[in-house]
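Enquirer: I'd like to ask some things about the structure below.
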Amino acid sequence: MVQHLDRLRETPSQTAGPYVHIGLTPNVCGITGVTPEDLGARMVADGVRGERITIRGRVLDGAGRPVNDCVVEIWQADAAGLYNSPMEHRGAADPNFTGFGRCAADEEGVFSFDTVKPGPVPGPRGATMAPHVSFWIVARGINIGLHTRMYFSDEEAANRDDPVLRRVVPARVPTLIGRREGDTVHFDIRLQGEDETVFFDV
Amino acid sequence: METRGMDKRLSNLASEAAPFMARDRGRHPPAYAPGYKSSILRAPGEALVSFESTLSEKTGPAFGHNVIGALDNDLIHNFAKPGESAIGERIIVHGRVLDENGRPVPDVLVEYWQANAGGRYRHKREGYLAPLDPNFGGFGRSLTDSEGRYWFRTIRPGAYPWPNGVNDWRPAHIHFSVFGSGFAQRLITQMYFEGDPMIAQCPIVRTIADPAAIAQLVAALDMANAVPMDSRAYKFDIVLRGRRSTFFENRPEGN
Ligand SMILES: [Fe+3]
């Protein structure tokens, strides 16, 4: 005999399906008048602190075809490295920055977010995590949402010391680096095959 | 002096977001599930890289009541013309969002979407011959209350055929998207209806290997909470990942 741990089990995931837009971006798919603006459509407000950037990329499947029915969500710290979250206890994040973005990919599988470059964030055991943006991808054919991260090509030194990147085999690290070109950061996500993006179990 | 130091450590522990317990992947569908053909080219082939949740996953966005409109949890009326309502069997869906420790998860956003009573979605890629209901959009959302409860009114969605095998049909279902207090808890799933013989035949349901896990997706008919002469009720609780306790953890950096 043994005592019970008395724990519940997580609800299993199911695919978001091809009509995910009805639930996550209703205005994009023509269901207007229910909610004035889709959630996560605007991350920055006037007076936001930090460097304005646009993150843009494509999601591609194992055959190299665009995943044109996915929804991409991002979550990131503000320019000072603070999260706009009740679970952030180090200080108050920039009130003009939500940190959360949601975008339905277009016919070419392209997503885009107008945001700011995040600051570095404390990591485990005294380490510092390089500036990064957390991604979560759902779509038809994806049975459980995929977590990954985008780091920045102009943060080479910080990336070298990043505790998460250090867990990734060096040959695959480039799949996690967004390529900075002026104010735009290019970041493609490959679900499968050659140059497959590294996905995380967090 | 000693007591003081102790107090400081205790308050430090209490003010810190705890990491999540590891996800039991055996309970979820695998990425590659060939019975569901769409997963074949969309499943990563490499192993996931595991690490304990950091601040980036322990935190997550929060949404206030200001984002929720008065009819957001009433799918019978939120897309209908004034004085009209959606066609179908009227139902109430309610439940609680809990974590694996059994604690309610308050103030989190739950979004839901579904086909109409005939099994047809309001979506440009939808090609099923069942008609659109001009008074049904199929989208709604709720914020959980202080006890983690949510509820909404809708019509029971119809089953629909889909191109996978030549004669595959989805059982009646409602899609759910749930936020927790941390981004690592983000979850999308589907709710099925008690007693539906189509559940066991569905290739998407069958991506889940564990029958107990499938049972967790089937809402129970809840006649005790039905509204007489109006709507029957179904109860669907959702469990998100729990945070682990952080006993005796030394965090000199105080993050
Ligand atoms: Fe569906």
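Identifiers for the structure tokens are assigned positionally: chains receive A, B, ... in sequence, residues are indexed from 1 per chain, and ligands are indexed from 1 in the order shown.
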How would you write, as a list in words, the set of residues no farther than 7 Å from ligand 1 when counting only C-alpha atoms and all ligand atoms?
Expert: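 My answer, listing the contacting residues, is Gly17 and Tyr19 of chain A; Gln114, Ala115, His173, Ile174 and His175 of chain B.
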Enquirer: Kindly save the residues from that selection, with all heavy atoms included, as an mmCIF file, in the first residue's frame.
Expert:
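For reference, selection_20.cif as written:
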data_model
loop_
_atom_site.group_PDB
_atom_site.id
_atom_site.type_symbol
_atom_site.label_atom_id
_atom_site.label_comp_id
_atom_site.auth_asym_id
_atom_site.auth_seq_id
_atom_site.Cartn_x
_atom_site.Cartn_y
_atom_site.Cartn_z
ATOM 1 N N GLY A 17 -6.364 22.091 -36.245
ATOM 2 C CA GLY A 17 -7.175 21.878 -37.435
ATOM 3 C C GLY A 17 -7.058 23.006 -38.452
ATOM 4 O O GLY A 17 -6.425 24.032 -38.193
ATOM 5 N N TYR A 19 -9.282 25.092 -39.457
ATOM 6 C CA TYR A 19 -10.161 26.247 -39.243
ATOM 7 C C TYR A 19 -9.803 26.997 -37.962
ATOM 8 O O TYR A 19 -10.618 27.704 -37.387
ATOM 9 C CB TYR A 19 -11.622 25.788 -39.226
ATOM 10 C CG TYR A 19 -11.952 24.900 -40.401
ATOM 11 C CD1 TYR A 19 -12.413 23.600 -40.232
ATOM 12 C CD2 TYR A 19 -11.746 25.363 -41.704
ATOM 13 C CE1 TYR A 19 -12.678 22.780 -41.324
ATOM 14 C CE2 TYR A 19 -12.008 24.556 -42.800
ATOM 15 C CZ TYR A 19 -12.470 23.260 -42.611
ATOM 16 O OH TYR A 19 -12.726 22.460 -43.683
ATOM 17 N N GLN B 114 -16.093 26.295 -33.451
ATOM 18 C CA GLN B 114 -16.805 25.077 -33.837
ATOM 19 C C GLN B 114 -17.557 25.259 -35.139
ATOM 20 O O GLN B 114 -17.779 26.371 -35.609
ATOM 21 C CB GLN B 114 -17.790 24.689 -32.722
ATOM 22 C CG GLN B 114 -18.869 25.752 -32.498
ATOM 23 C CD GLN B 114 -20.000 25.265 -31.606
ATOM 24 O OE1 GLN B 114 -19.932 25.354 -30.389
ATOM 25 N NE2 GLN B 114 -21.055 24.742 -32.242
ATOM 26 N N ALA B 115 -17.996 24.120 -35.708
ATOM 27 C CA ALA B 115 -18.871 24.111 -36.879
ATOM 28 C C ALA B 115 -20.306 24.399 -36.430
ATOM 29 O O ALA B 115 -20.627 24.314 -35.239
ATOM 30 C CB ALA B 115 -18.798 22.750 -37.568
ATOM 31 N N HIS B 173 -17.591 18.099 -32.261
ATOM 32 C CA HIS B 173 -16.526 18.546 -31.348
ATOM 33 C C HIS B 173 -16.462 20.056 -31.293
ATOM 34 O O HIS B 173 -16.919 20.748 -32.200
ATOM 35 C CB HIS B 173 -15.163 17.987 -31.790
ATOM 36 C CG HIS B 173 -14.738 18.462 -33.140
ATOM 37 N ND1 HIS B 173 -15.181 17.885 -34.302
ATOM 38 C CD2 HIS B 173 -13.947 19.498 -33.527
ATOM 39 C CE1 HIS B 173 -14.676 18.526 -35.346
ATOM 40 N NE2 HIS B 173 -13.924 19.527 -34.901
ATOM 41 N N ILE B 174 -15.877 20.543 -30.230
ATOM 42 C CA ILE B 174 -15.594 21.975 -30.080
ATOM 43 C C ILE B 174 -14.098 22.112 -29.833
ATOM 44 O O ILE B 174 -13.523 21.385 -29.003
ATOM 45 C CB ILE B 174 -16.403 22.590 -28.910
ATOM 46 C CG1 ILE B 174 -17.911 22.427 -29.168
ATOM 47 C CG2 ILE B 174 -16.045 24.065 -28.728
ATOM 48 C CD1 ILE B 174 -18.800 22.938 -28.040
ATOM 49 N N HIS B 175 -13.451 23.014 -30.592
ATOM 50 C CA HIS B 175 -12.017 23.269 -30.412
ATOM 51 C C HIS B 175 -11.823 24.244 -29.257
ATOM 52 O O HIS B 175 -12.577 25.217 -29.127
ATOM 53 C CB HIS B 175 -11.423 23.890 -31.684
ATOM 54 C CG HIS B 175 -11.480 22.992 -32.886
ATOM 55 N ND1 HIS B 175 -10.430 22.200 -33.269
ATOM 56 C CD2 HIS B 175 -12.461 22.760 -33.787
ATOM 57 C CE1 HIS B 175 -10.756 21.526 -34.374
ATOM 58 N NE2 HIS B 175 -11.987 21.849 -34.708
#
Enquirer: Could you pull out the strand (DSSP E or B) residues of region 33-228 of chain B from DSSP and send them as a PyMOL selection string?
Expert: chain B and resi 49-50+74+90-99+104+109-113+139-143+149-155+160-162+168-170+173-178+187-193+218-221+227
Enquirer: Which residues of region 26-71 of chain B come within 12 Å of region 131-153 of chain A, and what is each one's closest atom pair and distance in Å (one decimal), counting only C-alpha atoms, sorted by chain and residue number, as a Markdown table?
Expert:
| residue | atom | partner | partner_atom | distance |
| --- | --- | --- | --- | --- |
| B:Gly26 | CA | A:Ile144 | CA | 11.9 |
| B:Arg27 | CA | A:Ile144 | CA | 11.0 |
| B:His28 | CA | A:Ile144 | CA | 7.4 |
| B:Pro29 | CA | A:Asn143 | CA | 6.0 |
| B:Pro30 | CA | A:Asn143 | CA | 6.8 |
| B:Ala31 | CA | A:Asn143 | CA | 5.5 |
| B:Tyr32 | CA | A:Asn143 | CA | 8.1 |
| B:Ala33 | CA | A:Asn143 | CA | 8.4 |
| B:Pro34 | CA | A:Gly141 | CA | 10.0 |
| B:Gly35 | CA | A:Gly141 | CA | 10.9 |
| B:Tyr36 | CA | A:Gly141 | CA | 7.4 |
| B:Lys37 | CA | A:Gly141 | CA | 7.4 |
| B:Ser38 | CA | A:Gly141 | CA | 4.3 |
| B:Ser39 | CA | A:Gly141 | CA | 3.9 |
| B:Ile40 | CA | A:Gly141 | CA | 7.5 |
| B:Leu41 | CA | A:Gly141 | CA | 8.0 |
| B:Arg42 | CA | A:Gly141 | CA | 5.9 |
| B:Ala43 | CA | A:Ile142 | CA | 6.7 |
| B:Pro44 | CA | A:Leu146 | CA | 9.1 |
| B:Leu48 | CA | A:His147 | CA | 9.2 |
| B:Val49 | CA | A:Thr148 | CA | 9.5 |
| B:Ser50 | CA | A:His147 | CA | 10.7 |
| B:Phe51 | CA | A:His147 | CA | 11.8 |
| B:Ser53 | CA | A:His147 | CA | 11.7 |
| B:Thr54 | CA | A:Ser134 | CA | 11.1 |
| B:Leu55 | CA | A:Ser134 | CA | 11.0 |
| B:Ser56 | CA | A:Ser134 | CA | 7.2 |
| B:Glu57 | CA | A:Ser134 | CA | 8.1 |
| B:Lys58 | CA | A:Ser134 | CA | 11.7 |
| B:Thr59 | CA | A:Ser134 | CA | 11.1 |
| B:Gly60 | CA | A:Ser134 | CA | 10.5 |
Enquirer: Write out as JSON, numbers by chain all residues of region 18-199 of chain A that backbone DSSP assigns to helix (DSSP H, G or I).
Expert: {"A": [20, 21, 22, 23, 24, 124, 125, 126, 156, 157, 158, 159, 160, 165, 166, 167, 170, 171, 172, 173, 174, 175, 176]}
Enquirer: Given only C-alpha atoms as the basis, pick out the residue of B:Asp196, B:Glu249, B:Glu147, B:Asp230 nearest to chain A.
Expert: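 Among the listed residues, B:Glu249 lies closest to chain A.
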Enquirer: Could you pull the residues within 6 Å of Val108 (chain B), counting only C-alpha atoms, minus those fewer than 4 positions along the same chain, as a list in words?
Expert: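 In the requested format, the answer is Leu143, Thr144, Phe179 and Gly180 of chain B.
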Enquirer: Return the single residue from B:Asn164, B:Gln185, B:Asn135, B:Asn78 that is closest to chain A, with distances computed using only C-alpha atoms.
Expert: B:Asn78
Enquirer: Kindly indicate which residue among A:Glu10, A:Glu194, A:Asp183, A:Asp188 lies nearest to Ala171 (chain A), using only C-alpha atoms for the distances.
Expert: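 Answer, going by the shortest atom-to-atom distance: A:Glu194.
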Enquirer: If you measure from CA of Leu221 (chain B) to CA of Pro171 (chain B), what distance in Å do you get, rounded to one decimal?
Expert: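 These atoms are spaced 15.8 Å apart.
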Enquirer: From the options B:Ala70, B:Ala47, B:Ile91, B:Val166, which residue's atoms come nearest to Ala117 (chain B), counting only C-alpha atoms?
Expert: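 Nearest candidate to Ala117 (chain B) out of B:Ala70, B:Ala47, B:Ile91, B:Val166: B:Ile91.
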Enquirer: Restricting the calculation to only C-alpha atoms: of B:Glu16, B:Asp222, B:Glu194, B:Asp74, which residue gets closest to chain A?
Expert: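 Using only C-alpha atoms, chain A sits closest to B:Glu16.
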Enquirer: B:Gln201, B:Ser177, B:Ser146, B:Thr246: which is nearest Thr15 (chain A), counting only C-alpha atoms?
Expert: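 When distances to Thr15 (chain A) are compared using only C-alpha atoms, the smallest one comes from B:Ser177.
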Enquirer: Could you list, as a list of chain:residue names, every residue within 6 Å of Phe100 (chain A), counting only C-alpha atoms and ignoring same-chain residues fewer than 5 positions away?
Expert: A:Gly40, A:Ile74, A:Trp75
Enquirer: Would you mind exporting N, CA, C and O atoms of the selected residues as a PDB file, in the first residue's frame?
Expert:
ATOM      1  N   GLY A  40      -3.584  39.787 -29.872  1.00  0.00           N
ATOM      2  CA  GLY A  40      -2.173  39.699 -30.249  1.00  0.00           C
ATOM      3  C   GLY A  40      -1.841  40.396 -31.558  1.00  0.00           C
ATOM      4  O   GLY A  40      -0.734  40.264 -32.063  1.00  0.00           O
ATOM      5  N   ILE A  74       3.978  34.546 -30.512  1.00  0.00           N
ATOM      6  CA  ILE A  74       5.271  34.823 -29.897  1.00  0.00           C
ATOM      7  C   ILE A  74       5.068  35.445 -28.515  1.00  0.00           C
ATOM      8  O   ILE A  74       4.024  36.045 -28.223  1.00  0.00           O
ATOM      9  N   TRP A  75       6.083  35.272 -27.683  1.00  0.00           N
ATOM     10  CA  TRP A  75       6.071  35.788 -26.309  1.00  0.00           C
ATOM     11  C   TRP A  75       7.497  36.230 -26.002  1.00  0.00           C
ATOM     12  O   TRP A  75       8.444  35.462 -26.231  1.00  0.00           O
TER      13      TRP A  75
END
Enquirer: If you count only C-alpha atoms, which residues fall within 8 Å of Val34 (chain A), apart from same-chain ones fewer than 6 positions away, as a PDB file with N, CA and C atoms, in the first residue's frame?
Expert:
ATOM      1  N   GLY B  69     -16.054  40.855 -24.660  1.00  0.00           N
ATOM      2  CA  GLY B  69     -17.322  41.521 -24.930  1.00  0.00           C
ATOM      3  C   GLY B  69     -18.480  40.786 -24.258  1.00  0.00           C
ATOM      4  N   LEU B  71     -21.195  39.494 -25.313  1.00  0.00           N
ATOM      5  CA  LEU B  71     -21.748  38.291 -25.960  1.00  0.00           C
ATOM      6  C   LEU B  71     -20.662  37.292 -26.368  1.00  0.00           C
ATOM      7  N   ASP B  72     -19.446  37.530 -25.921  1.00  0.00           N
ATOM      8  CA  ASP B  72     -18.357  36.643 -26.351  1.00  0.00           C
ATOM      9  C   ASP B  72     -18.613  35.178 -25.979  1.00  0.00           C
ATOM     10  N   ASN B  78     -23.912  35.860 -30.643  1.00  0.00           N
ATOM     11  CA  ASN B  78     -22.855  36.850 -30.887  1.00  0.00           C
ATOM     12  C   ASN B  78     -22.597  37.146 -32.366  1.00  0.00           C
ATOM     13  N   PHE B  79     -23.158  36.353 -33.257  1.00  0.00           N
ATOM     14  CA  PHE B  79     -23.013  36.643 -34.692  1.00  0.00           C
ATOM     15  C   PHE B  79     -24.399  36.828 -35.340  1.00  0.00           C
TER      16      PHE B  79
END
Enquirer: List as a list in words the protein and nucleic acid residues near Asn96 (chain A), meaning an atom at most 10 Å away when only C-alpha atoms are counted, but skip any in the same chain fewer than 3 places from it.
Expert: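 Close residues of Asn96 (chain A): Met43, Val44, Ala45, Asp46, Gly47, Val48, Arg49, Asp78, Asn84, Ala93 and Gly99 of chain A.
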Enquirer: What would the file look like if the residues just selected were written as a PDB file, in the first residue's frame with N, CA, C and O atoms?
Expert:
ATOM      1  N   MET A  43       1.300  44.593 -30.646  1.00  0.00           N
ATOM      2  CA  MET A  43       2.165  44.348 -29.482  1.00  0.00           C
ATOM      3  C   MET A  43       2.673  45.646 -28.869  1.00  0.00           C
ATOM      4  O   MET A  43       3.024  45.677 -27.697  1.00  0.00           O
ATOM      5  N   VAL A  44       2.769  46.695 -29.680  1.00  0.00           N
ATOM      6  CA  VAL A  44       3.368  47.937 -29.207  1.00  0.00           C
ATOM      7  C   VAL A  44       2.344  49.066 -29.246  1.00  0.00           C
ATOM      8  O   VAL A  44       1.462  49.096 -30.096  1.00  0.00           O
ATOM      9  N   ALA A  45       2.454  49.975 -28.290  1.00  0.00           N
ATOM     10  CA  ALA A  45       1.650  51.195 -28.287  1.00  0.00           C
ATOM     11  C   ALA A  45       2.616  52.380 -28.320  1.00  0.00           C
ATOM     12  O   ALA A  45       3.823  52.214 -28.102  1.00  0.00           O
ATOM     13  N   ASP A  46       2.058  53.558 -28.593  1.00  0.00           N
ATOM     14  CA  ASP A  46       2.888  54.776 -28.636  1.00  0.00           C
ATOM     15  C   ASP A  46       3.675  54.906 -27.341  1.00  0.00           C
ATOM     16  O   ASP A  46       3.154  54.647 -26.266  1.00  0.00           O
ATOM     17  N   GLY A  47       4.908  55.318 -27.470  1.00  0.00           N
ATOM     18  CA  GLY A  47       5.729  55.540 -26.288  1.00  0.00           C
ATOM     19  C   GLY A  47       6.492  54.302 -25.846  1.00  0.00           C
ATOM     20  O   GLY A  47       7.150  54.314 -24.808  1.00  0.00           O
ATOM     21  N   VAL A  48       6.391  53.226 -26.627  1.00  0.00           N
ATOM     22  CA  VAL A  48       7.117  51.995 -26.274  1.00  0.00           C
ATOM     23  C   VAL A  48       8.621  52.281 -26.212  1.00  0.00           C
ATOM     24  O   VAL A  48       9.149  53.076 -26.986  1.00  0.00           O
ATOM     25  N   ARG A  49       9.277  51.656 -25.240  1.00  0.00           N
ATOM     26  CA  ARG A  49      10.722  51.838 -25.107  1.00  0.00           C
ATOM     27  C   ARG A  49      11.470  50.781 -25.914  1.00  0.00           C
ATOM     28  O   ARG A  49      11.004  49.644 -26.021  1.00  0.00           O
ATOM     29  N   ASP A  78      10.382  42.748 -22.718  1.00  0.00           N
ATOM     30  CA  ASP A  78      10.484  44.096 -23.278  1.00  0.00           C
ATOM     31  C   ASP A  78      11.967  44.465 -23.468  1.00  0.00           C
ATOM     32  O   ASP A  78      12.859  43.638 -23.245  1.00  0.00           O
ATOM     33  N   ASN A  84       5.851  41.263 -19.461  1.00  0.00           N
ATOM     34  CA  ASN A  84       4.581  41.886 -19.083  1.00  0.00           C
ATOM     35  C   ASN A  84       3.613  40.777 -18.660  1.00  0.00           C
ATOM     36  O   ASN A  84       2.710  40.391 -19.387  1.00  0.00           O
ATOM     37  N   ALA A  93       7.103  45.758 -16.220  1.00  0.00           N
ATOM     38  CA  ALA A  93       7.498  45.842 -17.630  1.00  0.00           C
ATOM     39  C   ALA A  93       6.924  47.120 -18.253  1.00  0.00           C
ATOM     40  O   ALA A  93       6.023  47.753 -17.696  1.00  0.00           O
ATOM     41  N   GLY A  99       4.231  42.133 -25.174  1.00  0.00           N
ATOM     42  CA  GLY A  99       5.081  40.946 -25.195  1.00  0.00           C
ATOM     43  C   GLY A  99       4.469  39.755 -25.912  1.00  0.00           C
ATOM     44  O   GLY A  99       5.147  38.775 -26.173  1.00  0.00           O
TER      45      GLY A  99
END
Enquirer: Do a neighbour search on Gly138 (chain B) at 9 Å with only C-alpha atoms, toss out local chain neighbours closer than 3 positions, and write the hits as a ChimeraX atom specification.
Expert: /A:22-23,31 /B:75-76,78-79,112-116,121-122,154
Enquirer: How many Å separate CA of Thr25 (chain A) from CA of Cys103 (chain A)?
Expert: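 Straight-line distance from CA of Thr25 (chain A) to CA of Cys103 (chain A) works out to 7.7 Å.
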